[in-house]
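Next up, work18.cif (mmCIF, C-alpha atoms):
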```cif
data_model
loop_
_atom_site.label_atom_id
_atom_site.label_comp_id
_atom_site.auth_asym_id
_atom_site.auth_seq_id
_atom_site.Cartn_x
_atom_site.Cartn_y
_atom_site.Cartn_z
CA MET D 477 -39.88 52.01 18.48
CA PRO D 478 -38.47 50.75 21.84
CA GLU D 479 -36.80 47.36 21.81
CA ASN D 480 -39.18 44.40 22.46
CA THR D 481 -42.24 46.60 21.72
CA VAL D 482 -44.80 44.83 19.54
CA ASP D 483 -46.11 46.77 16.55
CA PRO D 484 -49.88 47.28 17.09
CA ALA D 485 -50.72 46.21 13.52
CA THR D 486 -48.70 43.02 13.88
CA ASP D 487 -50.19 42.31 17.30
CA ALA D 488 -53.74 42.66 15.97
CA PHE D 489 -53.07 40.50 12.93
CA VAL D 490 -51.45 37.74 14.98
CA ALA D 491 -54.38 37.80 17.42
CA HIS D 492 -56.82 37.05 14.59
CA ARG D 493 -54.57 34.95 12.37
CA ASN D 494 -56.10 31.53 13.13
CA LEU D 495 -59.59 32.90 12.54
CA LEU D 496 -58.55 34.46 9.22
CA PHE D 497 -56.82 31.27 8.09
CA THR D 498 -59.90 29.20 8.90
CA VAL D 499 -62.19 31.59 7.01
CA ALA D 500 -59.90 31.46 3.97
CA TYR D 501 -59.48 27.67 4.15
CA GLU D 502 -63.21 26.99 4.43
CA ILE D 503 -63.91 29.22 1.45
CA LEU D 504 -61.08 27.75 -0.64
CA GLY D 505 -60.58 24.17 0.52
CA SER D 506 -56.83 24.70 0.18
CA ALA D 507 -54.37 25.40 2.98
CA ALA D 508 -51.72 26.63 0.55
CA ASP D 509 -54.12 29.12 -1.05
CA ALA D 510 -55.37 30.16 2.39
CA GLU D 511 -51.80 31.01 3.41
CA ASP D 512 -51.43 33.11 0.26
CA VAL D 513 -54.66 34.94 1.10
CA LEU D 514 -53.34 35.68 4.60
CA GLN D 515 -50.19 37.15 3.08
CA GLU D 516 -52.29 39.39 0.82
CA THR D 517 -54.45 40.39 3.80
CA TRP D 518 -51.37 41.30 5.83
CA LEU D 519 -50.02 43.49 3.02
CA ARG D 520 -53.35 45.35 2.93
CA TRP D 521 -53.52 45.55 6.73
CA ALA D 522 -49.99 46.96 7.00
CA GLN D 523 -51.10 49.99 4.95
CA VAL D 524 -54.13 50.79 7.11
CA ASP D 525 -54.36 53.67 9.60
CA LEU D 526 -55.47 51.74 12.70
CA ALA D 527 -57.02 54.85 14.19
CA GLN D 528 -59.59 54.77 11.39
CA VAL D 529 -60.59 51.12 11.97
CA ARG D 530 -63.63 50.79 14.22
CA ASP D 531 -63.63 46.96 14.43
CA GLN D 532 -60.30 45.32 13.62
CA ARG D 533 -61.70 41.77 13.54
CA ALA D 534 -64.49 42.74 11.14
CA PHE D 535 -62.09 44.65 8.92
CA LEU D 536 -59.63 41.76 8.70
CA VAL D 537 -62.38 39.21 8.04
CA ARG D 538 -63.76 41.45 5.31
CA VAL D 539 -60.39 41.78 3.55
CA THR D 540 -59.68 38.05 3.91
CA THR D 541 -63.08 37.14 2.48
CA ARG D 542 -62.66 39.40 -0.54
CA ARG D 543 -59.22 38.02 -1.30
CA ALA D 544 -60.44 34.44 -0.82
CA LEU D 545 -63.39 34.98 -3.18
CA ASP D 546 -61.09 36.35 -5.88
CA ARG D 547 -58.83 33.32 -5.50
CA LEU D 548 -61.76 30.87 -5.38
CA ARG D 549 -63.00 32.04 -8.76
CA ALA D 550 -59.56 31.44 -10.24
CA LEU D 551 -59.34 28.07 -8.47
CA GLN D 552 -62.65 26.97 -9.99
CA ARG D 553 -61.20 27.46 -13.45
CA ARG D 554 -58.29 25.16 -12.51
CA LYS D 555 -60.71 22.55 -11.21
CA GLU D 556 -62.39 22.33 -14.60
CA ASN D 557 -59.20 20.72 -15.96
CA TYR D 558 -58.45 18.64 -12.86
CA VAL D 559 -57.90 14.91 -13.45
CA GLY D 560 -60.33 12.79 -11.44
CA PRO D 561 -62.24 13.82 -8.28
CA TRP D 562 -61.08 16.96 -6.45
CA LEU D 563 -60.78 16.74 -2.66
CA PRO D 564 -59.99 19.57 -0.24
CA GLU D 565 -56.38 19.81 0.86
CA PRO D 566 -56.06 17.88 4.15
CA LEU D 567 -55.68 20.14 7.18
CA LEU D 568 -53.88 18.86 10.27
CA THR D 569 -56.00 19.94 13.25
CA SER D 570 -55.43 19.98 17.01
CA PRO D 571 -57.87 18.50 19.58
CA ASP D 572 -59.17 21.94 20.62
CA VAL D 573 -60.97 22.30 17.27
CA ALA D 574 -63.49 19.75 18.55
CA GLU D 575 -64.45 22.22 21.31
CA SER D 576 -66.52 24.08 18.71
CA ALA D 577 -69.05 21.63 17.25
CA GLU D 578 -69.95 23.98 14.41
CA LEU D 579 -66.34 24.56 13.42
CA ALA D 580 -65.37 20.88 13.70
CA GLU D 581 -68.27 19.83 11.49
CA SER D 582 -67.67 22.58 8.94
CA LEU D 583 -64.00 21.53 8.63
CA SER D 584 -64.84 17.85 8.06
CA MET D 585 -64.16 16.45 4.60
CA ALA D 586 -67.83 15.51 4.23
CA VAL D 587 -69.08 19.07 4.79
CA MET D 588 -66.18 20.65 2.88
CA LEU D 589 -67.33 18.62 -0.14
CA VAL D 590 -70.86 19.92 0.34
CA LEU D 591 -69.48 23.47 0.37
CA GLU D 592 -67.95 22.72 -3.03
CA THR D 593 -71.48 22.54 -4.46
CA LEU D 594 -72.22 26.16 -3.48
CA SER D 595 -71.43 29.21 -5.60
CA PRO D 596 -68.45 31.29 -4.36
CA THR D 597 -70.71 33.94 -2.80
CA GLU D 598 -72.99 31.33 -1.21
CA ARG D 599 -69.98 29.56 0.24
CA ALA D 600 -68.53 32.74 1.73
CA VAL D 601 -71.87 33.77 3.20
CA PHE D 602 -72.45 30.31 4.70
CA VAL D 603 -69.00 30.16 6.28
CA LEU D 604 -69.17 33.67 7.73
CA ARG D 605 -72.72 33.37 9.03
CA GLU D 606 -73.12 29.73 10.07
CA VAL D 607 -69.60 28.97 11.28
CA PHE D 608 -68.41 32.32 12.65
CA ASP D 609 -71.71 34.12 13.33
CA VAL D 610 -70.64 37.27 11.48
CA GLY D 611 -73.39 39.90 11.26
CA TYR D 612 -75.31 40.41 8.03
CA ASP D 613 -74.08 43.98 7.61
CA ASP D 614 -70.44 42.92 7.87
CA ILE D 615 -71.00 40.00 5.47
CA ALA D 616 -72.68 42.36 3.02
CA GLN D 617 -69.58 44.55 2.95
CA ALA D 618 -67.35 41.50 2.50
CA VAL D 619 -69.23 40.01 -0.47
CA GLY D 620 -70.49 43.22 -2.09
CA LYS D 621 -74.22 42.56 -1.54
CA THR D 622 -76.97 44.30 0.40
CA PRO D 623 -77.82 42.97 3.87
CA ALA D 624 -81.24 41.89 2.57
CA ALA D 625 -79.62 39.92 -0.25
CA VAL D 626 -77.18 38.34 2.20
CA ARG D 627 -80.07 37.16 4.38
CA GLN D 628 -81.61 35.42 1.38
CA ILE D 629 -78.29 33.89 0.34
CA ALA D 630 -77.67 32.69 3.91
CA HIS D 631 -81.10 31.04 4.06
CA ARG D 632 -80.63 29.37 0.67
CA SER D 633 -77.12 28.12 1.38
CA ARG D 634 -78.06 26.83 4.85
CA LYS D 635 -80.99 24.90 3.37
CA HIS D 636 -78.70 23.47 0.67
CA VAL D 637 -76.03 22.35 3.15
CA ASP D 638 -78.54 20.97 5.69
CA ALA D 639 -80.03 18.73 3.01
CA ARG D 640 -76.62 17.19 2.25
CA ARG D 641 -74.60 17.25 5.46
CA PRO D 642 -74.12 14.11 7.63
CA ARG D 643 -77.11 13.59 9.89
CA HIS D 644 -75.68 11.34 12.60
CA VAL D 645 -73.43 12.57 15.37
CA VAL D 646 -70.91 10.01 16.60
CA SER D 647 -68.94 10.35 19.82
CA PRO D 648 -65.16 10.60 19.46
CA ARG D 649 -64.82 7.25 21.25
CA GLN D 650 -67.18 5.50 18.80
CA ALA D 651 -65.44 7.05 15.83
CA GLN D 652 -61.99 6.08 17.13
CA ALA D 653 -63.09 2.48 17.76
CA ALA D 654 -64.52 2.12 14.25
CA VAL D 655 -61.47 3.66 12.65
CA GLN D 656 -59.03 1.48 14.61
CA SER D 657 -60.95 -1.65 13.58
CA PHE D 658 -60.91 -0.49 9.98
CA LEU D 659 -57.21 0.34 9.98
CA HIS D 660 -56.24 -2.94 11.63
CA ALA D 661 -58.20 -4.90 9.04
CA VAL D 662 -56.63 -2.94 6.15
CA GLU D 663 -53.10 -3.29 7.51
CA THR D 664 -53.47 -7.06 8.00
CA GLY D 665 -55.21 -7.61 4.67
CA ASP D 666 -58.29 -8.98 6.45
CA MET D 667 -60.94 -8.57 3.75
CA GLN D 668 -63.80 -9.76 5.94
CA GLY D 669 -62.67 -7.49 8.75
CA VAL D 670 -62.79 -4.49 6.41
CA LEU D 671 -66.23 -5.52 5.12
CA ASP D 672 -67.57 -5.78 8.67
CA VAL D 673 -66.82 -2.15 9.47
CA LEU D 674 -68.00 -0.63 6.16
CA ALA D 675 -71.55 0.73 5.80
CA PRO D 676 -73.64 -0.66 2.91
CA ASP D 677 -73.54 2.73 1.18
CA VAL D 678 -69.86 3.48 1.84
CA VAL D 679 -68.17 5.79 -0.69
CA LEU D 680 -64.45 6.09 -1.39
CA ILE D 681 -63.20 9.19 -3.19
CA SER D 682 -59.54 9.29 -4.21
CA ASP D 683 -57.62 12.33 -5.42
CA GLY D 684 -54.38 11.75 -7.31
CA GLY D 685 -54.57 14.91 -9.40
CA GLY D 686 -53.29 13.04 -12.43
CA VAL D 687 -49.91 12.68 -10.70
CA ARG D 688 -50.50 9.58 -8.54
CA SER D 689 -52.71 6.58 -9.30
CA ALA D 690 -56.28 7.01 -8.06
CA ALA D 691 -59.80 6.04 -9.09
CA LEU D 692 -61.15 8.54 -11.61
CA ARG D 693 -64.65 8.29 -10.14
CA PRO D 694 -66.08 7.71 -6.65
CA VAL D 695 -66.18 4.02 -5.69
CA THR D 696 -69.34 2.87 -3.93
CA GLY D 697 -70.27 -0.29 -2.04
CA PRO D 698 -68.22 -2.37 0.43
CA ALA D 699 -66.97 -5.01 -2.04
CA LYS D 700 -65.60 -2.48 -4.55
CA VAL D 701 -64.08 -0.32 -1.82
CA VAL D 702 -62.32 -3.31 -0.24
CA ARG D 703 -60.90 -4.47 -3.56
CA LEU D 704 -59.54 -1.01 -4.35
CA LEU D 705 -58.04 -0.52 -0.89
CA LEU D 706 -56.37 -3.90 -0.61
CA ALA D 707 -55.08 -3.76 -4.17
CA GLY D 708 -53.81 -0.20 -3.86
CA LEU D 709 -52.20 -0.55 -0.44
CA GLY D 710 -50.89 -4.04 -1.01
CA ASN D 711 -49.07 -3.36 -4.27
CA LYS D 712 -46.63 -0.70 -3.05
CA GLU D 713 -42.94 -1.19 -3.78
CA GLY D 714 -41.14 -0.34 -0.56
CA THR D 715 -42.00 -0.19 3.13
CA LEU D 716 -45.46 1.23 3.83
CA THR D 717 -46.14 2.54 7.33
CA GLY D 718 -49.12 4.34 8.79
CA GLU D 719 -49.94 6.55 11.75
CA THR D 720 -53.24 7.93 12.98
CA LEU D 721 -53.73 11.64 13.40
CA THR D 722 -56.50 14.23 13.26
CA ILE D 723 -57.28 15.70 9.85
CA ASN D 724 -60.08 18.22 9.37
CA GLY D 725 -61.36 17.30 12.83
CA ASP D 726 -61.68 13.58 11.98
CA THR D 727 -59.47 10.58 12.65
CA ALA D 728 -57.25 9.89 9.65
CA LEU D 729 -54.39 7.70 8.52
CA LEU D 730 -51.13 9.21 7.28
CA LEU D 731 -49.33 6.72 5.04
CA ARG D 732 -45.59 6.89 4.41
CA LEU D 733 -43.70 4.93 1.76
CA ASP D 734 -40.06 4.41 2.76
CA GLY D 735 -40.45 7.31 5.18
CA GLU D 736 -41.89 9.78 2.67
CA ILE D 737 -45.52 10.92 2.85
CA ASP D 738 -47.53 8.95 0.29
CA SER D 739 -51.14 9.77 1.09
CA VAL D 740 -53.71 10.79 3.69
CA MET D 741 -56.88 8.81 4.25
CA THR D 742 -59.61 10.62 6.18
CA ILE D 743 -62.47 8.48 7.45
CA ARG D 744 -66.07 9.42 8.18
CA VAL D 745 -68.03 7.31 10.66
CA ASP D 746 -71.81 7.20 11.09
CA ASP D 747 -73.56 4.87 13.57
CA GLY D 748 -70.34 2.97 14.19
CA LEU D 749 -69.68 2.16 10.53
CA VAL D 750 -67.37 3.77 7.98
CA THR D 751 -69.51 5.64 5.46
CA GLY D 752 -66.90 7.83 3.74
CA ILE D 753 -63.22 7.39 2.87
CA TYR D 754 -61.39 10.39 1.43
CA PHE D 755 -58.04 9.35 -0.03
CA VAL D 756 -55.70 12.22 -0.97
CA ARG D 757 -52.60 11.19 -2.94
CA ASN D 758 -51.84 14.35 -4.94
CA PRO D 759 -48.38 15.39 -3.61
CA ALA D 760 -49.20 19.08 -4.05
CA LYS D 761 -51.95 18.71 -1.45
CA LEU D 762 -49.75 16.97 1.11
CA THR D 763 -47.01 19.60 1.49
CA HIS D 764 -48.86 21.46 4.26
CA ILE D 765 -49.20 18.24 6.29
CA ALA D 766 -45.44 17.79 6.28
CA THR D 767 -44.50 21.35 7.20
CA ALA D 768 -47.29 22.96 9.25
CA ALA D 769 -48.15 22.71 12.91
CA PRO D 770 -51.68 21.47 13.73
CA HIS D 771 -54.33 24.12 13.15
CA THR D 772 -55.79 25.35 16.42
CA LEU D 773 -58.50 27.72 17.65
CA ASN D 774 -56.09 29.72 19.79
#
```

Can you dump the structure from the file as structure tokens?
Amino acid sequence: MPENTVDPATDAFVAHRNLLFTVAYEILGSAADAEDVLQETWLRWAQVDLAQVRDQRAFLVRVTTRRALDRLRALQRRKENYVGPWLPEPLLTSPDVAESAELAESLSMAVMLVLETLSPTERAVFVLREVFDVGYDDIAQAVGKTPAAVRQIAHRSRKHVDARRPRHVVSPRQAQAAVQSFLHAVETGDMQGVLDVLAPDVVLISDGGGVRSAALRPVTGPAKVVRLLLAGLGNKEGTLTGETLTINGDTALLLRLDGEIDSVMTIRVDDGLVTGIYFVRNPAKLTHIATAAPHTLN
């Protein structure tokens, strides 16, 4: 092969890599597992005769979906023994993700948690159809069902998600203003300031994985959420610093203790008030934040 010539298989895989990662991540809820799925997909792709592939994108999505489903079933067995609530692994995202409303919403912690309530096949069908508009025939090949069965699964999963997804759309400016008010109140220990920005039905879910301290059940209501936040953030030994960034398409706070990543707090805003706080402290779920570049559409 001439010097500086790109291998066609590599070129095709790189062109679709972000799409394949997003498909795997939305099915799995884990960036680390999604990266492993991409590696498995590449190994399969490298063995393929490209001349026999009619649609490279469809073929790669099909292989990625199959690998992700296999891994999801194994992951579900691990979740049965997980200590406390399980949250998706935070994904650092770039601003261009917001250009696709469907993708940005589907990546949000709130919707990712709804996807957790679907069966593996339902989740894969929903992601492929609703987020990426993959045809029923291609989905059928990916999940091992007939196109007619896939249509029924897609309808059922869409109805399930629609009944549980956030209903209010907030502009980025409104969300940013609410989050900044919330963060300022938390950082200054202003209990009333925190209460003022929390919705009456606010829920805090913390994930320590049995390794770091975290509430073993969701905490609901402004008073309980404030007590947990101020007690947890105020009792750290060392210097605690925070920075805002975009996680799963939403504004989030990255907390560092003496310079080391301690936790990620993703915040959901509805009608100008904080309705959901997703607090990931499990170190195994924070590795990708420290090492990966922001996930992008391009």

> Which distance in Å separates atom CA of Arg627 of chain D and atom CA of Leu536 of chain D, to one decimal?
Replying inline: 21.4 Å

>> Nearest residue to Val537 of chain D out of D:Ala600, D:Ala618, D:Met585, D:Val702, using all atoms listed in the file?
In response: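 Ranked by minimum distance to Val537 of chain D, first place goes to D:Ala618.
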
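For Pro642 of chain D, the set of protein, DNA and RNA residues having any atom at most 12 Å away, when counting only C-alpha atoms and skipping those fewer than 5 positions along the same chain, is D:Glu581, D:Ser582, D:Ser584, D:Met585, D:Ala586, D:Val587, D:Met588, D:Leu589, D:Val590, D:Val637, D:Arg744, D:Val745, D:Asp746, D:Asp747, D:Thr751, D:Gly752.
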
>> Report, in Å with one decimal, the straight-line distance from atom CA of Gly725 of chain D to atom CA of Ala651 of chain D.
In response: 11.4 Å

Using the chain letters and residue numbers of this document, give as a compact mmCIF listing (two decimals) with C-alpha atoms, in the frame of the given file the residues selected by the PyMOL selection byres ((chain D and resi 687-694) around 8).
```
# COMPACT_ATOMS: atom_id res chain seq x y z
CA VAL D 559 -57.90 14.91 -13.45
CA GLY D 560 -60.33 12.79 -11.44
CA PRO D 561 -62.24 13.82 -8.28
CA VAL D 679 -68.17 5.79 -0.69
CA LEU D 680 -64.45 6.09 -1.39
CA ILE D 681 -63.20 9.19 -3.19
CA SER D 682 -59.54 9.29 -4.21
CA ASP D 683 -57.62 12.33 -5.42
CA GLY D 684 -54.38 11.75 -7.31
CA GLY D 685 -54.57 14.91 -9.40
CA GLY D 686 -53.29 13.04 -12.43
CA VAL D 695 -66.18 4.02 -5.69
CA THR D 696 -69.34 2.87 -3.93
CA ARG D 757 -52.60 11.19 -2.94
CA ASN D 758 -51.84 14.35 -4.94
CA PRO D 759 -48.38 15.39 -3.61
```

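With atom CA of Ser576 of chain D on one side and atom CA of Glu606 of chain D on the other, the separation reads 12.3 Å.
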
>> Using the chain letters and numbers from this file, what does the PyMOL selection byres ((chain D and resi 504) around 10) select? Give the answer as a ChimeraX atom specification.
In response: /D:498-503,505-510,513,544-545,547-549,551-552,564-565,588,591-592,596,599-600

Filled-in all heavy atoms of segment 686-697 of chain D, supplied as a tab-separated table (two decimals), in the frame of the given file:
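Everything below was put into rebuild-v9.tsv:
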```
chain	number	residue	atom	x	y	z
D	686	GLY	N	-53.97	13.38	-11.19
D	686	GLY	CA	-53.29	13.04	-12.43
D	686	GLY	C	-51.81	12.77	-12.25
D	686	GLY	O	-51.10	12.46	-13.22
D	687	VAL	N	-51.33	12.87	-11.00
D	687	VAL	CA	-49.91	12.68	-10.70
D	687	VAL	C	-49.67	11.30	-10.08
D	687	VAL	O	-48.69	10.63	-10.38
D	687	VAL	CB	-49.39	13.78	-9.76
D	687	VAL	CG1	-47.91	13.59	-9.46
D	687	VAL	CG2	-49.65	15.15	-10.36
D	688	ARG	N	-50.56	10.89	-9.18
D	688	ARG	CA	-50.50	9.58	-8.54
D	688	ARG	C	-51.72	8.76	-8.95
D	688	ARG	O	-52.77	9.31	-9.26
D	688	ARG	CB	-50.49	9.74	-7.01
D	688	ARG	CG	-49.26	10.47	-6.47
D	688	ARG	CD	-48.07	9.52	-6.38
D	688	ARG	NE	-46.89	10.18	-5.85
D	688	ARG	CZ	-46.64	10.37	-4.56
D	688	ARG	NH1	-47.52	9.95	-3.65
D	688	ARG	NH2	-45.54	10.97	-4.16
D	689	SER	N	-51.59	7.45	-8.91
D	689	SER	CA	-52.71	6.58	-9.30
D	689	SER	C	-53.86	6.76	-8.32
D	689	SER	O	-53.68	6.82	-7.11
D	689	SER	CB	-52.25	5.12	-9.32
D	689	SER	OG	-51.81	4.71	-8.03
D	690	ALA	N	-55.07	6.85	-8.86
D	690	ALA	CA	-56.28	7.01	-8.06
D	690	ALA	C	-57.48	6.70	-8.95
D	690	ALA	O	-57.40	6.81	-10.18
D	690	ALA	CB	-56.39	8.44	-7.51
D	691	ALA	N	-58.58	6.30	-8.33
D	691	ALA	CA	-59.80	6.04	-9.09
D	691	ALA	C	-60.31	7.35	-9.67
D	691	ALA	O	-60.35	8.37	-8.99
D	691	ALA	CB	-60.85	5.42	-8.18
D	692	LEU	N	-60.71	7.31	-10.93
D	692	LEU	CA	-61.15	8.54	-11.61
D	692	LEU	C	-62.59	8.90	-11.28
D	692	LEU	O	-63.05	9.98	-11.64
D	692	LEU	CB	-60.99	8.37	-13.13
D	692	LEU	CG	-59.55	8.23	-13.62
D	692	LEU	CD1	-59.51	8.04	-15.13
D	692	LEU	CD2	-58.71	9.44	-13.20
D	693	ARG	N	-63.29	8.00	-10.59
D	693	ARG	CA	-64.65	8.29	-10.14
D	693	ARG	C	-64.85	7.74	-8.74
D	693	ARG	O	-64.13	6.81	-8.34
D	693	ARG	CB	-65.69	7.66	-11.09
D	693	ARG	CG	-65.86	8.40	-12.41
D	693	ARG	CD	-66.88	7.73	-13.31
D	693	ARG	NE	-66.33	6.50	-13.87
D	693	ARG	CZ	-65.57	6.46	-14.97
D	693	ARG	NH1	-65.25	7.57	-15.60
D	693	ARG	NH2	-65.13	5.31	-15.42
D	694	PRO	N	-65.80	8.27	-7.98
D	694	PRO	CA	-66.08	7.71	-6.65
D	694	PRO	C	-66.40	6.22	-6.74
D	694	PRO	O	-67.05	5.77	-7.69
D	694	PRO	CB	-67.29	8.52	-6.17
D	694	PRO	CG	-67.18	9.82	-6.91
D	694	PRO	CD	-66.64	9.46	-8.26
D	695	VAL	N	-65.93	5.46	-5.76
D	695	VAL	CA	-66.18	4.02	-5.69
D	695	VAL	C	-67.21	3.78	-4.59
D	695	VAL	O	-67.03	4.24	-3.45
D	695	VAL	CB	-64.87	3.27	-5.38
D	695	VAL	CG1	-65.13	1.77	-5.23
D	695	VAL	CG2	-63.84	3.52	-6.49
D	696	THR	N	-68.26	3.08	-4.90
D	696	THR	CA	-69.34	2.87	-3.93
D	696	THR	C	-69.55	1.38	-3.66
D	696	THR	O	-69.33	0.54	-4.54
D	696	THR	CB	-70.66	3.47	-4.44
D	696	THR	OG1	-71.01	2.86	-5.69
D	696	THR	CG2	-70.52	4.97	-4.66
D	697	GLY	N	-69.98	1.09	-2.42
D	697	GLY	CA	-70.27	-0.29	-2.04
D	697	GLY	C	-69.08	-0.96	-1.38
D	697	GLY	O	-67.93	-0.77	-1.82
```
